[in-house]
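What's in protein23.cif: mmCIF, C-alpha atoms
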```
data_start
loop_
_atom_site.label_atom_id
_atom_site.label_comp_id
_atom_site.auth_asym_id
_atom_site.auth_seq_id
_atom_site.Cartn_x
_atom_site.Cartn_y
_atom_site.Cartn_z
CA MET A 565 -5.91 10.54 28.79
CA GLN A 566 -8.24 13.38 27.75
CA LYS A 567 -6.78 15.63 30.46
CA PHE A 568 -3.27 15.02 29.13
CA VAL A 569 -4.39 15.76 25.57
CA ALA A 570 -6.23 18.90 26.72
CA ALA A 571 -3.04 20.16 28.33
CA HIS A 572 -0.89 19.20 25.32
CA PRO A 573 -3.07 19.41 22.18
CA TRP A 574 0.04 19.25 20.00
CA CYS A 575 0.21 15.53 20.82
CA ILE A 576 -2.81 15.00 18.54
CA LEU A 577 -0.77 16.36 15.63
CA ALA A 578 2.27 14.31 16.69
CA ALA A 579 0.21 11.12 16.90
CA GLY A 580 -1.38 11.91 13.55
CA VAL A 581 1.99 12.40 11.88
CA CYS A 582 3.35 9.11 13.25
CA ILE A 583 0.25 7.23 12.12
CA GLN A 584 -0.07 8.76 8.68
CA VAL A 585 3.56 8.36 7.71
CA LEU A 586 2.82 4.61 7.50
CA THR A 587 -0.53 4.74 5.74
CA GLY A 588 0.27 6.27 2.34
CA ILE A 589 -0.04 2.93 0.55
CA PRO A 590 -1.44 4.47 -2.68
CA ALA A 591 1.52 6.83 -3.03
CA ALA A 592 3.97 3.94 -2.72
CA TRP A 593 2.11 1.15 -4.53
CA GLY A 594 4.43 1.47 -7.53
CA VAL A 595 7.31 0.10 -5.45
CA PHE A 596 5.17 -2.82 -4.20
CA GLN A 597 3.83 -3.79 -7.60
CA GLY A 598 7.03 -5.17 -9.20
CA PRO A 599 7.96 -7.49 -6.30
CA VAL A 600 4.31 -8.59 -5.93
CA VAL A 601 4.08 -9.52 -9.63
CA THR A 602 7.34 -11.47 -9.40
CA GLU A 603 6.62 -13.29 -6.13
CA TYR A 604 2.94 -14.07 -6.63
CA GLY A 605 2.89 -14.53 -10.40
CA PHE A 606 0.12 -11.98 -10.99
CA SER A 607 -0.42 -10.21 -14.28
CA GLN A 608 0.14 -6.46 -14.42
CA GLY A 609 -3.61 -5.97 -14.72
CA ALA A 610 -4.28 -8.05 -11.60
CA ALA A 611 -1.59 -6.16 -9.69
CA GLU A 612 -3.05 -2.82 -10.74
CA PHE A 613 -6.48 -3.94 -9.55
CA ILE A 614 -5.00 -4.61 -6.08
CA PHE A 615 -4.30 -0.89 -5.97
CA SER A 616 -7.71 0.14 -7.35
CA LEU A 617 -9.58 -2.12 -4.93
CA THR A 618 -7.53 -0.79 -2.00
CA ILE A 619 -8.57 2.76 -2.89
CA GLY A 620 -12.16 1.60 -3.33
CA ALA A 621 -12.15 0.02 0.13
CA PHE A 622 -10.67 3.26 1.49
CA GLY A 623 -13.72 5.26 0.38
CA LEU A 624 -16.15 2.74 1.87
CA GLY A 625 -14.09 2.59 5.06
CA CYS A 626 -14.23 6.37 5.46
CA VAL A 627 -18.02 6.13 5.77
CA LEU A 628 -17.94 3.15 8.14
CA GLY A 629 -15.13 4.70 10.18
CA GLY A 630 -17.01 7.99 10.35
CA PHE A 631 -20.08 6.29 11.82
CA LEU A 632 -17.88 4.42 14.31
CA GLN A 633 -16.25 7.72 15.23
CA ASP A 634 -19.60 9.33 15.90
CA GLN A 635 -20.67 6.44 18.11
CA ARG A 636 -17.46 5.47 19.91
CA GLY A 637 -14.99 8.27 19.27
CA PRO A 638 -11.76 8.54 17.23
CA ARG A 639 -9.79 6.23 19.53
CA ALA A 640 -12.00 3.24 18.75
CA ALA A 641 -11.90 3.95 15.02
CA GLY A 642 -8.12 4.39 15.11
CA LEU A 643 -7.45 1.18 17.04
CA LEU A 644 -9.66 -0.87 14.73
CA GLY A 645 -7.97 0.74 11.74
CA ALA A 646 -4.52 -0.11 13.09
CA GLY A 647 -5.58 -3.73 13.55
CA LEU A 648 -7.02 -3.98 10.04
CA LEU A 649 -3.98 -2.34 8.45
CA ALA A 650 -1.46 -4.55 10.22
CA GLY A 651 -3.64 -7.63 9.71
CA GLY A 652 -3.88 -7.04 5.97
CA PHE A 653 -0.12 -6.80 5.56
CA CYS A 654 0.39 -9.87 7.72
CA LEU A 655 -2.15 -11.97 5.79
CA ALA A 656 -0.68 -10.89 2.44
CA GLY A 657 2.53 -12.69 3.34
CA PHE A 658 0.67 -16.01 3.53
CA VAL A 659 -1.29 -15.80 0.25
CA PRO A 660 -0.15 -18.55 -2.16
CA ALA A 661 1.21 -17.64 -5.58
CA GLY A 662 -1.40 -17.16 -8.28
CA ALA A 663 -4.31 -16.57 -5.90
CA ALA A 664 -5.19 -13.03 -6.99
CA GLY A 665 -8.74 -13.21 -5.62
CA LEU A 666 -7.48 -14.28 -2.21
CA PHE A 667 -4.93 -11.45 -2.25
CA TYR A 668 -7.73 -8.95 -2.86
CA LEU A 669 -9.58 -10.28 0.19
CA ALA A 670 -6.52 -10.64 2.42
CA PHE A 671 -4.76 -7.39 1.50
CA SER A 672 -6.84 -4.86 -0.45
CA LEU A 673 -9.98 -4.90 1.69
CA PRO A 674 -8.43 -4.78 5.20
CA VAL A 675 -5.64 -2.39 4.20
CA GLY A 676 -8.03 -0.01 2.44
CA LEU A 677 -10.47 -0.15 5.35
CA GLY A 678 -7.68 0.23 7.92
CA CYS A 679 -6.21 3.31 6.24
CA ALA A 680 -9.73 4.73 5.99
CA PHE A 681 -10.53 4.21 9.65
CA LEU A 682 -7.27 5.90 10.63
CA TYR A 683 -7.26 8.86 8.25
CA PRO A 684 -10.64 10.47 9.09
CA ALA A 685 -10.20 9.63 12.78
CA VAL A 686 -6.94 11.56 12.86
CA MET A 687 -8.09 14.38 10.57
CA SER A 688 -11.44 15.13 12.20
CA CYS A 689 -9.93 14.86 15.69
CA ALA A 690 -7.18 17.33 14.77
CA GLN A 691 -9.68 19.73 13.18
CA LYS A 692 -11.77 19.74 16.35
CA TRP A 693 -8.76 20.56 18.52
CA TYR A 694 -7.57 23.21 16.04
CA ALA A 695 -10.98 24.44 14.90
CA GLY A 696 -9.69 27.96 14.23
CA LYS A 697 -6.70 26.66 12.24
CA LYS A 698 -8.11 23.77 10.27
CA GLY A 699 -5.76 24.35 7.36
CA LEU A 700 -2.74 24.11 9.65
CA ALA A 701 -3.98 20.91 11.30
CA THR A 702 -4.82 19.15 8.04
CA GLY A 703 -1.63 20.45 6.41
CA VAL A 704 0.70 19.06 9.07
CA ILE A 705 -0.95 15.64 9.09
CA GLY A 706 -1.41 15.66 5.32
CA GLY A 707 2.30 16.35 4.92
CA ALA A 708 2.98 13.12 6.76
CA VAL A 709 0.66 11.26 4.37
CA GLY A 710 2.68 12.62 1.47
CA ALA A 711 5.99 11.72 3.11
CA SER A 712 4.64 8.21 3.63
CA GLY A 713 5.34 7.33 0.02
CA ALA A 714 9.05 8.07 0.42
CA ALA A 715 9.24 6.26 3.76
CA LEU A 716 7.48 3.15 2.44
CA THR A 717 9.57 3.17 -0.74
CA PHE A 718 12.75 3.09 1.34
CA LEU A 719 11.43 0.34 3.62
CA VAL A 720 10.08 -1.83 0.81
CA ARG A 721 13.21 -1.60 -1.34
CA THR A 722 15.47 -2.28 1.66
CA ILE A 723 13.54 -5.17 3.20
CA SER A 724 12.23 -6.87 0.06
CA GLY A 725 15.63 -6.52 -1.61
CA ARG A 726 17.19 -8.58 1.18
CA TRP A 727 14.48 -10.96 2.34
CA GLY A 728 11.70 -10.80 -0.25
CA ILE A 729 8.29 -9.14 -0.41
CA ARG A 730 6.61 -11.62 1.96
CA ALA A 731 9.09 -10.81 4.74
CA CYS A 732 8.57 -7.14 3.90
CA PHE A 733 4.81 -7.49 4.40
CA TRP A 734 5.34 -9.11 7.81
CA ALA A 735 7.89 -6.50 8.92
CA LEU A 736 5.58 -3.66 7.88
CA ALA A 737 2.66 -5.31 9.70
CA ALA A 738 4.68 -5.37 12.94
CA LEU A 739 5.82 -1.76 12.48
CA MET A 740 2.31 -0.51 11.73
CA LEU A 741 0.85 -2.24 14.77
CA ALA A 742 3.63 -0.87 17.00
CA VAL A 743 3.20 2.73 15.77
CA CYS A 744 -0.47 3.10 14.83
CA GLY A 745 -1.83 1.26 17.88
CA PRO A 746 -0.23 3.46 20.57
CA GLY A 747 -0.79 6.57 18.42
CA SER A 748 -4.51 5.80 18.24
CA LEU A 749 -4.70 5.62 22.04
CA LEU A 750 -3.99 9.36 22.13
CA LEU A 751 -6.92 10.25 19.89
CA ALA A 752 -9.72 11.91 21.84
CA ASP A 753 -12.20 14.63 20.92
CA PRO A 754 -12.02 17.89 22.86
CA PRO A 755 -14.54 18.55 25.62
CA PRO A 756 -17.88 19.69 24.20
CA PRO A 757 -18.07 23.36 25.22
CA LYS A 758 -20.28 25.59 23.14
CA GLN A 759 -18.59 26.15 19.83
CA LYS A 760 -17.96 29.73 18.82
CA PRO A 761 -18.95 30.81 15.34
CA SER A 762 -15.31 31.61 14.56
CA GLN A 763 -14.44 27.95 15.14
CA GLN A 764 -16.62 27.03 12.19
CA GLY A 765 -14.55 29.21 9.89
CA ARG A 766 -17.37 31.74 9.47
CA GLY A 767 -17.94 35.34 10.40
CA LYS A 768 -18.53 36.10 14.05
CA LYS A 769 -22.20 36.86 13.46
CA GLN A 770 -22.91 33.45 11.97
CA PRO A 771 -24.21 30.76 14.36
CA PRO A 772 -22.60 27.33 14.49
CA PHE A 773 -24.09 24.86 12.06
CA ASP A 774 -24.30 21.12 11.66
CA LEU A 775 -25.58 19.05 8.76
CA PRO A 776 -25.79 15.35 9.68
CA PRO A 777 -25.28 12.85 6.83
CA ALA A 778 -29.00 12.43 6.07
CA LYS A 779 -29.37 16.17 5.43
CA MET A 780 -25.98 16.54 3.76
CA LEU A 781 -26.81 13.90 1.14
CA LYS A 782 -29.81 15.95 0.03
CA THR A 783 -27.75 19.03 -0.79
CA PRO A 784 -26.38 19.83 -4.27
CA GLN A 785 -23.10 20.76 -2.55
CA TYR A 786 -22.55 17.13 -1.55
CA TRP A 787 -22.99 15.80 -5.08
CA LEU A 788 -20.78 18.49 -6.56
CA GLY A 789 -18.17 17.71 -3.88
CA PHE A 790 -18.45 14.00 -4.68
CA ALA A 791 -17.82 14.76 -8.35
CA VAL A 792 -14.86 17.00 -7.49
CA VAL A 793 -13.22 14.18 -5.51
CA ALA A 794 -13.88 11.57 -8.22
CA LEU A 795 -12.63 13.77 -11.07
CA ALA A 796 -9.34 14.53 -9.29
CA THR A 797 -8.28 10.86 -9.24
CA PRO A 798 -7.27 10.04 -12.86
CA ALA A 799 -4.38 12.52 -13.09
CA VAL A 800 -2.35 10.48 -10.58
CA LEU A 801 -4.13 7.23 -9.72
CA LEU A 802 -4.20 6.06 -13.36
CA PHE A 803 -0.39 6.24 -13.39
CA SER A 804 0.92 5.61 -9.88
CA PRO A 805 0.69 1.78 -10.15
CA ILE A 806 2.66 1.81 -13.41
CA ILE A 807 4.97 4.78 -12.85
CA VAL A 808 8.13 2.63 -12.66
CA GLN A 809 7.21 0.81 -15.87
CA LEU A 810 6.22 4.09 -17.54
CA GLY A 811 9.50 5.73 -16.53
CA THR A 812 11.64 2.91 -17.94
CA GLU A 813 9.64 2.90 -21.19
CA ARG A 814 10.35 6.63 -21.54
CA GLY A 815 14.10 6.46 -21.13
CA LEU A 816 14.80 6.24 -17.39
CA SER A 817 16.86 3.60 -15.66
CA GLU A 818 15.01 1.43 -13.14
CA GLY A 819 16.67 3.30 -10.26
CA ALA A 820 15.66 6.66 -11.72
CA ALA A 821 12.13 5.37 -12.29
CA HIS A 822 11.93 4.38 -8.61
CA LEU A 823 13.14 7.87 -7.77
CA SER A 824 9.93 9.17 -9.34
CA ILE A 825 8.03 7.52 -6.46
CA VAL A 826 10.28 9.19 -3.89
CA LEU A 827 10.10 12.63 -5.50
CA GLY A 828 6.40 12.13 -6.11
CA SER A 829 6.08 11.59 -2.36
CA VAL A 830 7.99 14.81 -1.75
CA GLY A 831 5.57 16.61 -4.06
CA SER A 832 2.65 14.96 -2.29
CA ALA A 833 3.93 16.00 1.13
CA ALA A 834 4.45 19.58 -0.04
CA GLY A 835 0.97 19.75 -1.57
CA ARG A 836 -0.68 18.34 1.55
CA LEU A 837 1.21 20.79 3.76
CA LEU A 838 0.97 23.98 1.70
CA MET A 839 -2.41 23.89 -0.03
CA PRO A 840 -4.59 23.70 3.12
CA LEU A 841 -2.65 26.68 4.46
CA LEU A 842 -3.21 28.57 1.21
CA SER A 843 -6.90 27.64 1.33
CA ASP A 844 -7.12 29.32 4.74
CA LYS A 845 -6.05 32.54 2.99
CA ILE A 846 -7.84 32.44 -0.37
CA GLY A 847 -10.73 30.04 0.33
CA ARG A 848 -11.23 26.34 -0.37
CA ARG A 849 -12.94 26.81 -3.74
CA ALA A 850 -10.25 29.10 -5.12
CA ALA A 851 -7.51 26.70 -3.99
CA ASP A 852 -9.26 23.74 -5.61
CA ALA A 853 -9.85 25.69 -8.83
CA LEU A 854 -6.12 26.48 -9.09
CA LEU A 855 -5.26 22.83 -8.48
CA PHE A 856 -7.65 21.50 -11.14
CA ALA A 857 -6.36 24.00 -13.70
CA ALA A 858 -2.83 22.83 -12.93
CA LEU A 859 -3.86 19.15 -13.12
CA GLY A 860 -5.24 19.71 -16.60
CA ALA A 861 -2.13 21.48 -17.88
CA LEU A 862 0.24 18.98 -16.28
CA SER A 863 -1.74 16.01 -17.63
CA LEU A 864 -1.17 17.42 -21.12
CA ALA A 865 2.55 17.87 -20.40
CA PHE A 866 2.75 14.33 -18.98
CA LEU A 867 1.58 12.91 -22.31
CA PHE A 868 4.78 14.19 -23.97
CA ALA A 869 7.21 13.86 -21.04
CA ARG A 870 10.34 11.78 -21.61
CA GLY A 871 13.39 11.02 -19.46
CA TRP A 872 13.71 13.13 -16.34
CA TRP A 873 10.72 15.21 -17.39
CA VAL A 874 8.62 12.19 -16.37
CA VAL A 875 9.91 12.54 -12.80
CA LEU A 876 9.39 16.30 -12.70
CA VAL A 877 5.86 16.32 -14.15
CA TYR A 878 4.76 13.35 -12.05
CA SER A 879 6.02 15.10 -8.90
CA LEU A 880 4.02 18.21 -9.79
CA LEU A 881 0.94 16.09 -10.48
CA THR A 882 1.24 14.46 -7.06
CA PHE A 883 1.61 17.93 -5.50
CA CYS A 884 -1.67 19.06 -7.06
CA TYR A 885 -3.61 15.84 -6.48
CA SER A 886 -2.49 15.55 -2.85
CA GLY A 887 -3.11 19.24 -2.29
CA GLU A 888 -6.70 18.78 -3.46
CA ALA A 889 -7.12 15.74 -1.20
CA ALA A 890 -5.71 17.66 1.77
CA VAL A 891 -8.10 20.58 1.27
CA LEU A 892 -11.05 18.17 1.27
CA PRO A 893 -11.46 17.67 5.07
CA ALA A 894 -11.54 21.43 5.69
CA LEU A 895 -13.84 21.93 2.69
CA SER A 896 -16.19 19.29 4.08
CA SER A 897 -16.37 20.85 7.54
CA ASP A 898 -16.79 24.34 6.04
CA LEU A 899 -19.75 23.09 4.01
CA PHE A 900 -21.41 20.81 6.52
CA GLY A 901 -20.06 21.68 10.00
CA LEU A 902 -17.76 19.99 12.50
CA PRO A 903 -20.01 17.78 14.67
CA HIS A 904 -20.28 15.05 11.98
CA ALA A 905 -16.98 15.84 10.27
CA GLY A 906 -15.75 12.23 10.17
CA VAL A 907 -18.73 10.56 8.55
CA ASN A 908 -19.47 13.51 6.24
CA TYR A 909 -15.88 13.40 5.01
CA GLY A 910 -16.33 9.66 4.51
CA PHE A 911 -19.30 10.16 2.20
CA LEU A 912 -17.29 12.67 0.15
CA ALA A 913 -14.37 10.22 0.02
CA LEU A 914 -16.66 7.75 -1.76
CA GLY A 915 -15.89 9.88 -4.80
CA MET A 916 -12.30 8.67 -4.53
CA SER A 917 -13.53 5.06 -4.59
CA ALA A 918 -15.70 5.73 -7.62
CA GLY A 919 -12.87 7.46 -9.48
CA SER A 920 -10.12 5.00 -8.57
CA ILE A 921 -12.15 2.00 -9.75
CA GLY A 922 -14.24 3.59 -12.50
CA PHE A 923 -11.55 5.39 -14.49
CA PRO A 924 -9.13 2.41 -14.76
CA LEU A 925 -12.06 0.22 -15.86
CA LEU A 926 -13.00 2.87 -18.42
CA ALA A 927 -9.44 2.97 -19.75
CA ARG A 928 -9.36 -0.82 -20.09
CA ALA A 929 -12.81 -0.99 -21.70
CA LEU A 930 -11.76 1.56 -24.31
CA GLY A 931 -8.39 -0.15 -24.83
CA LEU A 932 -6.54 3.02 -23.99
CA THR A 933 -2.88 3.30 -23.05
CA ALA A 934 -1.75 6.76 -24.03
CA GLY A 935 -5.43 7.60 -23.81
CA ARG A 936 -5.14 7.56 -20.02
CA HIS A 937 -3.69 11.04 -20.37
CA TYR A 938 -6.77 12.22 -22.29
CA ILE A 939 -9.03 10.82 -19.57
CA ALA A 940 -6.98 12.71 -16.98
CA MET A 941 -7.25 15.97 -18.92
CA ALA A 942 -11.00 15.64 -19.45
CA ALA A 943 -11.55 14.77 -15.78
CA ALA A 944 -9.52 17.79 -14.64
CA ALA A 945 -11.66 20.07 -16.81
CA GLY A 946 -14.81 18.53 -15.33
CA GLY A 947 -13.44 18.92 -11.81
CA LEU A 948 -12.70 22.59 -12.43
CA ALA A 949 -16.27 23.15 -13.65
CA CYS A 950 -17.77 21.41 -10.58
CA THR A 951 -15.50 23.41 -8.26
CA LEU A 952 -16.62 26.71 -9.78
CA LEU A 953 -20.26 25.68 -9.34
CA LEU A 954 -19.79 24.85 -5.66
CA ARG A 955 -21.44 27.32 -3.27
CA PRO A 956 -21.47 27.58 0.55
CA THR A 957 -24.29 25.97 2.51
CA GLN A 958 -24.05 28.89 4.97
CA GLY A 959 -22.13 32.13 5.10
CA ASP A 960 -20.57 34.15 2.33
CA ARG A 961 -17.22 32.48 1.72
CA LEU A 962 -15.95 29.05 0.75
#
```

If you convert what's in this file into structure tokens, what do you get?
Amino acid sequence: MQKFVAAHPWCILAAGVCIQVLTGIPAAWGVFQGPVVTEYGFSQGAAEFIFSLTIGAFGLGCVLGGFLQDQRGPRAAGLLGAGLLAGGFCLAGFVPAGAAGLFYLAFSLPVGLGCAFLYPAVMSCAQKWYAGKKGLATGVIGGAVGASGAALTFLVRTISGRWGIRACFWALAALMLAVCGPGSLLLADPPPPKQKPSQQGRGKKQPPFDLPPAKMLKTPQYWLGFAVVALATPAVLLFSPIIVQLGTERGLSEGAAHLSIVLGSVGSAAGRLLMPLLSDKIGRRAADALLFAALGALSLAFLFARGWWVVLVYSLLTFCYSGEAAVLPALSSDLFGLPHAGVNYGFLALGMSAGSIGFPLLARALGLTAGRHYIAMAAAAGGLACTLLLRPTQGDRL
């Protein structure tokens, strides 16, 4: 298998695209939430926590999947992730109505972990094969993650509209197993020849470098990066579970409100494709600084958006948030090296878990509704400050 991949490295990108187009659960959760509330009798708060817990499990899974990758390779992590993802969707179809706690265990934990095992396995594997073009590799695969929201929205509305959300869960489980399983079989790291300095994204006179997790966690760059990831979450993740409800409250029809998920996915795909490429040109820190400045301004605009402006501003927010998320794998390997890219990325992704759980809990504790927008603006300002403070661990450019 490795010989085939070595002769056709593009198949890593192709496998990554096929896998990731089915794993963008967060981008599409808004289309799941209504049918789940109706079928299972959950409150809106309980349904939103399904989403938050899934993101929280994703961050934890990135660390666990990274360690598995280091020990057994990306194929093992990908296959286990495919099994967890499909298993979570399958089990969700059997959860009895009203059993929110059981739904969290059956769906949120395995689906979050499964997506996490797959995403870093694909991303770090692609970066190693395309070490001199990390922005291109992460952009292509990240674009598929963004497109996933539109694909899942179409599938969920079509299947659940005809046969109900339980049948939709089972159909998606079968599809995910059929696509993500074979795709994971193609994942294999390149042979371990001596890495050239240019493959680390540094000047030719710089030697290769490698910070394993134990050393990485002691650097100020890690904690600033953690904060950057956490502070990016409120601008989109506070609103994506309720975007259909928010759209209808602000003057959109239900169909138009669902369109905000589709166009948000288009914005997400564009951000994931274009921003890593831009970061190759202007540097990761400059790209992230631009994105946080835009998140702050758009969060202010989103507070006043009505009608179709809701769709437009939300799409731009997803562009910026997804662009920041897509720059993260390359930022991580620039800061800490490629040899432990999977697990190091996983530790940074814990910031996503902290933000996706912490900020909704903060909003509820403070009794905020419109105040979610103020949280998003304040977090974007904090993320911009942390980005500007970030410095390279080696070399003269980040």

Any chance you could resolve the PyMOL selection byres ((chain A and resi 643) around 9) against this file and give the residues as a PDB file with C-alpha atoms, in the coordinates of the input?
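Saved file selection-v7.pdb follows:
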```pdb
ATOM      1  CA  PRO A 638     -11.760   8.540  17.230  1.00  0.00           C
ATOM      2  CA  ARG A 639      -9.790   6.230  19.530  1.00  0.00           C
ATOM      3  CA  ALA A 640     -12.000   3.240  18.750  1.00  0.00           C
ATOM      4  CA  ALA A 641     -11.900   3.950  15.020  1.00  0.00           C
ATOM      5  CA  GLY A 642      -8.120   4.390  15.110  1.00  0.00           C
ATOM      6  CA  LEU A 644      -9.660  -0.870  14.730  1.00  0.00           C
ATOM      7  CA  GLY A 645      -7.970   0.740  11.740  1.00  0.00           C
ATOM      8  CA  ALA A 646      -4.520  -0.110  13.090  1.00  0.00           C
ATOM      9  CA  GLY A 647      -5.580  -3.730  13.550  1.00  0.00           C
ATOM     10  CA  LEU A 648      -7.020  -3.980  10.040  1.00  0.00           C
ATOM     11  CA  PHE A 681     -10.530   4.210   9.650  1.00  0.00           C
ATOM     12  CA  LEU A 682      -7.270   5.900  10.630  1.00  0.00           C
ATOM     13  CA  CYS A 744      -0.470   3.100  14.830  1.00  0.00           C
ATOM     14  CA  GLY A 745      -1.830   1.260  17.880  1.00  0.00           C
ATOM     15  CA  PRO A 746      -0.230   3.460  20.570  1.00  0.00           C
ATOM     16  CA  GLY A 747      -0.790   6.570  18.420  1.00  0.00           C
ATOM     17  CA  SER A 748      -4.510   5.800  18.240  1.00  0.00           C
ATOM     18  CA  LEU A 749      -4.700   5.620  22.040  1.00  0.00           C
TER      19      LEU A 749
END
```

Can you list what the PyMOL selection byres ((chain A and resi 630-633) around 7) grabs from this structure, as a count of residues only? 15

Which residues match the PyMOL selection byres ((chain A and resi 606) around 12) in the file above, as a PDB file with C-alpha atoms, in the coordinates of the input?
```pdb
ATOM      1  CA  GLN A 597       3.830  -3.790  -7.600  1.00  0.00           C
ATOM      2  CA  GLY A 598       7.030  -5.170  -9.200  1.00  0.00           C
ATOM      3  CA  PRO A 599       7.960  -7.490  -6.300  1.00  0.00           C
ATOM      4  CA  VAL A 600       4.310  -8.590  -5.930  1.00  0.00           C
ATOM      5  CA  VAL A 601       4.080  -9.520  -9.630  1.00  0.00           C
ATOM      6  CA  THR A 602       7.340 -11.470  -9.400  1.00  0.00           C
ATOM      7  CA  GLU A 603       6.620 -13.290  -6.130  1.00  0.00           C
ATOM      8  CA  TYR A 604       2.940 -14.070  -6.630  1.00  0.00           C
ATOM      9  CA  GLY A 605       2.890 -14.530 -10.400  1.00  0.00           C
ATOM     10  CA  SER A 607      -0.420 -10.210 -14.280  1.00  0.00           C
ATOM     11  CA  GLN A 608       0.140  -6.460 -14.420  1.00  0.00           C
ATOM     12  CA  GLY A 609      -3.610  -5.970 -14.720  1.00  0.00           C
ATOM     13  CA  ALA A 610      -4.280  -8.050 -11.600  1.00  0.00           C
ATOM     14  CA  ALA A 611      -1.590  -6.160  -9.690  1.00  0.00           C
ATOM     15  CA  GLU A 612      -3.050  -2.820 -10.740  1.00  0.00           C
ATOM     16  CA  PHE A 613      -6.480  -3.940  -9.550  1.00  0.00           C
ATOM     17  CA  ILE A 614      -5.000  -4.610  -6.080  1.00  0.00           C
ATOM     18  CA  VAL A 659      -1.290 -15.800   0.250  1.00  0.00           C
ATOM     19  CA  PRO A 660      -0.150 -18.550  -2.160  1.00  0.00           C
ATOM     20  CA  ALA A 661       1.210 -17.640  -5.580  1.00  0.00           C
ATOM     21  CA  GLY A 662      -1.400 -17.160  -8.280  1.00  0.00           C
ATOM     22  CA  ALA A 663      -4.310 -16.570  -5.900  1.00  0.00           C
ATOM     23  CA  ALA A 664      -5.190 -13.030  -6.990  1.00  0.00           C
ATOM     24  CA  GLY A 665      -8.740 -13.210  -5.620  1.00  0.00           C
ATOM     25  CA  LEU A 666      -7.480 -14.280  -2.210  1.00  0.00           C
ATOM     26  CA  PHE A 667      -4.930 -11.450  -2.250  1.00  0.00           C
ATOM     27  CA  TYR A 668      -7.730  -8.950  -2.860  1.00  0.00           C
TER      28      TYR A 668
END
```

Residues of segment 582-633 of chain A at most 12 Å from segment 827-846 of chain A: nearest atom pair and distance in Å, all atoms listed in the file, as a Markdown table:
```
| residue | atom | partner | partner_atom | distance |
| --- | --- | --- | --- | --- |
| A:Gln584 | CA | A:Ala833 | CA | 11.2 |
| A:Val585 | CA | A:Ala833 | CA | 10.1 |
| A:Gly588 | CA | A:Ser829 | CA | 9.2 |
| A:Ile589 | CA | A:Ser829 | CA | 11.0 |
| A:Pro590 | CA | A:Ser829 | CA | 10.4 |
| A:Ala591 | CA | A:Ser829 | CA | 6.6 |
| A:Ala592 | CA | A:Ser829 | CA | 7.9 |
| A:Trp593 | CA | A:Ser829 | CA | 11.4 |
| A:Gly594 | CA | A:Gly828 | CA | 10.9 |
| A:Val595 | CA | A:Ser829 | CA | 12.0 |
```

Can you list every residue of segment 614-711 of chain A that has an atom at most 10 Å from segment 800-822 of chain A, with its nearest atom pair and the distance in Å to one decimal, using all atoms listed in the file, ordered by chain then number, as a tab-separated table?
```
residue	atom	partner	partner_atom	distance
A:Ile614	CA	A:Pro805	CA	9.5
A:Phe615	CA	A:Pro805	CA	7.0
A:Ser616	CA	A:Leu801	CA	8.3
A:Ile619	CA	A:Leu801	CA	9.3
```

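The interatomic distance for the pair atom CA of Leu775 of chain A and atom CA of Phe911 of chain A works out to 12.7 Å.
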
What separation in Å, quoted to one decimal, exists between atom CA of Ala942 of chain A and atom CA of Gly623 of chain A?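 Those two atoms sit 22.5 Å apart.
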
Of the candidates A:Leu617, A:Ala889, A:Val704, A:Leu952, which shows the shortest atom-to-atom distance to Ala857 of chain A, using all atoms listed in the file?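 The answer is A:Leu952, which sits nearest to Ala857 of chain A.
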
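Atom pair atom CA of Thr722 of chain A / atom CA of Trp873 of chain A: separated by 26.3 Å.
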
My list of candidates is A:Leu899, A:Leu925, A:Ala701, A:Asp852. Which is closest to Val793 of chain A when distances are computed with all atoms listed in the file?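 Closest to Val793 of chain A, using all atoms listed in the file: A:Asp852.
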
Which is closest to Cys884 of chain A among A:Trp574, A:Phe856, A:Phe866, A:Tyr683, if we use only C-alpha atoms?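 Smallest distance to Cys884 of chain A is found for A:Phe856.
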
Between A:Ser920, A:Ser824, A:Ser724, A:Ser712, which has the minimum distance to Trp872 of chain A (counting all atoms listed in the file)?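 Distance minimum relative to Trp872 of chain A lands on A:Ser824.
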
Given the choices A:Leu716, A:Val675, A:Leu880, A:Cys950, which gets closest to Val826 of chain A if the distance is worked out from only C-alpha atoms? A:Leu716

Incomplete segment 716-721 of chain A filled out to N, CA and C atoms as a CSV table (one decimal), in the frame of the given file:
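Saved to result30.csv:
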```csv
chain,number,residue,atom,x,y,z
A,716,LEU,N,7.8,4.5,2.8
A,716,LEU,CA,7.5,3.2,2.4
A,716,LEU,C,8.4,2.7,1.3
A,717,THR,N,8.7,3.6,0.4
A,717,THR,CA,9.6,3.2,-0.7
A,717,THR,C,10.9,2.7,-0.2
A,718,PHE,N,11.5,3.5,0.7
A,718,PHE,CA,12.8,3.1,1.3
A,718,PHE,C,12.6,1.7,2.1
A,719,LEU,N,11.6,1.6,2.9
A,719,LEU,CA,11.4,0.3,3.6
A,719,LEU,C,11.2,-0.9,2.7
A,720,VAL,N,10.4,-0.7,1.7
A,720,VAL,CA,10.1,-1.8,0.8
A,720,VAL,C,11.3,-2.2,0.0
A,721,ARG,N,12.0,-1.3,-0.5
A,721,ARG,CA,13.2,-1.6,-1.3
A,721,ARG,C,14.3,-2.2,-0.5
```
